[in-house]
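Participant: Have a look at this one.
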Amino acid sequence: MLLPQPHVAFRQLLDAVIVATLSAMLTAAPAFAGDNAAQLGSAKIEGGGASTLQSGRRITITRGVNLDNTDWEGKNLKGVAFQQSVVRGANFKGANLFSASFFDADLAGSNFEGANMAQCNLEMADLTRANLKGADLSNAYVTGAVLKGLTQIEDSDWSEVDMRKDQRSYLCSIAKGVNPKTGIETRESLMCPE
């Protein structure tokens, strides 16, 4: 009896694992997922596809996933790690993103209107053209974030957010309004000069 060469057997095993993994991913997707890869990523997060326990709570991880144009409106995404993910044009309107991490994520053109982004990690995130109207960013971490392209920050709360002087100056130049949830004026939260 002839046995297959070890490298051939390994390749066959690897192919079988890949097919089984893809089959499991596709069959686990909810009915709304269709053929849209971004919605498959959404299903991964909502289904807890990749997660870790940290301080006794589960944190879903989406490192490097493409979530362009996904809809998270009103969702509870507390503590979800969108690290190094591509999340352009996504809708997070009214979402609970408390302590979520967008470290080094591309958030260009995403909508965070009215979202709870308190204690969010936005380090090195690209927020170009993002909508932060009415968002609560208190105690958020924005070191190295691209804030220059932000234009919609009315009614947002930036209390206790450490940032570079040039970032603060830019945001102060467009800041106005009062956050509807915290009652804090945007300019006051940014410590803008009178």
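By order in the structure tokens, chains are A, B, ...; within a chain, residues start at 1; ligands start at 1, following the order shown.
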Return as a list in words the full set of residues in segment 40-157 of chain A whose backbone-based DSSP assignment is alpha helix (DSSP H).
Facilitator: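 Matching residues, listed in order: Leu40, Gly41, Ser42, Ala43, Lys44, Ile45 and Glu46 of chain A.
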Participant: Determine, counting only C-alpha atoms, which protein, DNA and RNA residues have an atom within 9 Å of an atom of Val87 of chain A; residues of the same chain fewer than 6 positions away are not included. Present the result as a PyMOL selection string.
Facilitator: chain A and resi 65-70+105-110
Participant: Do you have, as CSV, the list of residues of segment 98-154 of chain A lying at most 10 Å from segment 162-166 of chain A, each with its nearest atom pair and that distance in Å to one decimal, counting only C-alpha atoms and ordered by chain then number?
Facilitator:
```
residue,atom,partner,partner_atom,distance
A:Ser138,CA,A:Asp162,CA,9.9
A:Asn139,CA,A:Asp162,CA,7.9
A:Ala140,CA,A:Asp162,CA,8.0
A:Tyr141,CA,A:Asp162,CA,7.0
A:Val142,CA,A:Met163,CA,6.4
A:Thr143,CA,A:Met163,CA,6.2
A:Gly144,CA,A:Met163,CA,8.5
A:Ala145,CA,A:Met163,CA,9.1
A:Leu147,CA,A:Asp166,CA,9.8
A:Lys148,CA,A:Asp166,CA,9.1
```
Participant: Can you measure atom CA of Trp72 of chain A to atom CA of Ala90 of chain A for me? One decimal in Å is fine.
Facilitator: 7.5 Å
Participant: May I have the residues within 12 Å of Lys133 of chain A as an MDAnalysis selection string, using only C-alpha atoms and disregarding those fewer than 5 positions away in the same chain?
Facilitator: chainID A and resid 92:94 110:117 150:158 174:181 186
Participant: With N, CA and C atoms retained, write the just-selected residues as a compact mmCIF listing (two decimals), in the first residue's frame.
Facilitator:
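Once everything was written out, this is selection17.txt:
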```txt
# COMPACT_ATOMS: atom_id res chain seq x y z
N PHE A 92 -22.89 54.29 13.32
CA PHE A 92 -22.90 54.00 14.75
C PHE A 92 -23.84 54.96 15.48
N LYS A 93 -24.80 55.53 14.78
CA LYS A 93 -25.70 56.52 15.36
C LYS A 93 -26.38 55.95 16.61
N GLY A 94 -26.23 56.67 17.73
CA GLY A 94 -26.88 56.27 18.97
C GLY A 94 -26.35 54.98 19.59
N SER A 110 -17.60 57.87 8.85
CA SER A 110 -18.55 57.11 9.68
C SER A 110 -19.41 58.06 10.50
N ASN A 111 -20.59 57.60 10.87
CA ASN A 111 -21.57 58.40 11.61
C ASN A 111 -21.64 57.93 13.06
N PHE A 112 -21.21 58.79 14.00
CA PHE A 112 -21.26 58.49 15.42
C PHE A 112 -22.24 59.43 16.13
N GLU A 113 -23.19 59.98 15.40
CA GLU A 113 -24.11 60.96 15.97
C GLU A 113 -24.84 60.39 17.18
N GLY A 114 -24.74 61.12 18.31
CA GLY A 114 -25.43 60.72 19.53
C GLY A 114 -24.88 59.46 20.19
N ALA A 115 -23.73 58.98 19.76
CA ALA A 115 -23.17 57.73 20.32
C ALA A 115 -22.49 57.99 21.66
N ASN A 116 -22.53 56.99 22.53
CA ASN A 116 -21.78 57.03 23.78
C ASN A 116 -20.39 56.49 23.50
N MET A 117 -19.42 57.38 23.39
CA MET A 117 -18.03 57.02 23.09
C MET A 117 -17.13 57.32 24.28
N LEU A 150 -12.26 66.42 10.73
CA LEU A 150 -13.58 66.46 11.36
C LEU A 150 -14.26 67.79 11.08
N THR A 151 -15.52 67.78 10.75
CA THR A 151 -16.25 69.03 10.55
C THR A 151 -17.57 69.03 11.32
N GLN A 152 -18.01 67.87 11.79
CA GLN A 152 -19.32 67.76 12.45
C GLN A 152 -19.13 67.32 13.90
N ILE A 153 -18.88 68.32 14.78
CA ILE A 153 -18.69 68.01 16.20
C ILE A 153 -19.68 68.79 17.07
N GLU A 154 -20.70 69.40 16.49
CA GLU A 154 -21.65 70.17 17.27
C GLU A 154 -22.25 69.30 18.37
N ASP A 155 -22.43 69.90 19.55
CA ASP A 155 -23.08 69.26 20.69
C ASP A 155 -22.31 68.04 21.22
N SER A 156 -21.04 67.88 20.87
CA SER A 156 -20.26 66.75 21.39
C SER A 156 -19.58 67.14 22.70
N ASP A 157 -19.31 66.15 23.53
CA ASP A 157 -18.67 66.37 24.84
C ASP A 157 -17.28 65.73 24.82
N TRP A 158 -16.25 66.57 25.00
CA TRP A 158 -14.85 66.14 24.98
C TRP A 158 -14.22 66.28 26.37
N ILE A 174 -14.16 74.96 15.33
CA ILE A 174 -15.45 74.51 14.77
C ILE A 174 -16.46 74.10 15.85
N ALA A 175 -16.08 74.22 17.13
CA ALA A 175 -16.93 73.76 18.24
C ALA A 175 -18.09 74.70 18.50
N LYS A 176 -19.26 74.10 18.76
CA LYS A 176 -20.44 74.86 19.17
C LYS A 176 -21.48 73.90 19.74
N GLY A 177 -22.42 74.46 20.48
CA GLY A 177 -23.53 73.66 20.99
C GLY A 177 -23.31 73.07 22.37
N VAL A 178 -24.33 72.33 22.82
CA VAL A 178 -24.35 71.71 24.14
C VAL A 178 -24.73 70.24 23.96
N ASN A 179 -24.01 69.34 24.61
CA ASN A 179 -24.32 67.92 24.50
C ASN A 179 -25.67 67.65 25.17
N PRO A 180 -26.62 67.03 24.45
CA PRO A 180 -27.96 66.82 24.99
C PRO A 180 -28.02 65.83 26.16
N LYS A 181 -27.06 64.94 26.28
CA LYS A 181 -27.08 63.95 27.37
C LYS A 181 -26.33 64.44 28.60
N THR A 186 -19.86 72.15 24.20
CA THR A 186 -18.74 71.58 23.45
C THR A 186 -17.46 72.39 23.66
```
Participant: Measuring between only C-alpha atoms, which one of A:Asp126, A:Glu160, A:Glu194, A:Asp104 shows the shortest distance to Ser85 of chain A?
Facilitator: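 Smallest distance to Ser85 of chain A is found for A:Asp104.
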Participant: Check segment 52-190 of chain A with DSSP on the backbone and list each residue it calls strand (DSSP E), as a PyMOL selection string.
Facilitator: chain A and resi 52-54+57-60
Participant: Can you work out the spacing between atom CA of Gln83 of chain A and atom CA of Thr182 of chain A in Å, to one decimal?
Facilitator: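 So the two atoms, atom CA of Gln83 of chain A and atom CA of Thr182 of chain A, lie 27.2 Å apart.
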Participant: Can you pull out the residues contacting Phe82 of chain A? Cut-off 9 Å, using only C-alpha atoms, and skip same-chain residues under 4 positions away; I want them as a ChimeraX atom specification.
Facilitator: /A:60-65,86-87,100-105
Participant: Between atom CA of Ser169 of chain A and atom CA of Asn131 of chain A, what is the distance in Å, rounded to a tenth?
Facilitator: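 So the answer is 18.5 Å.
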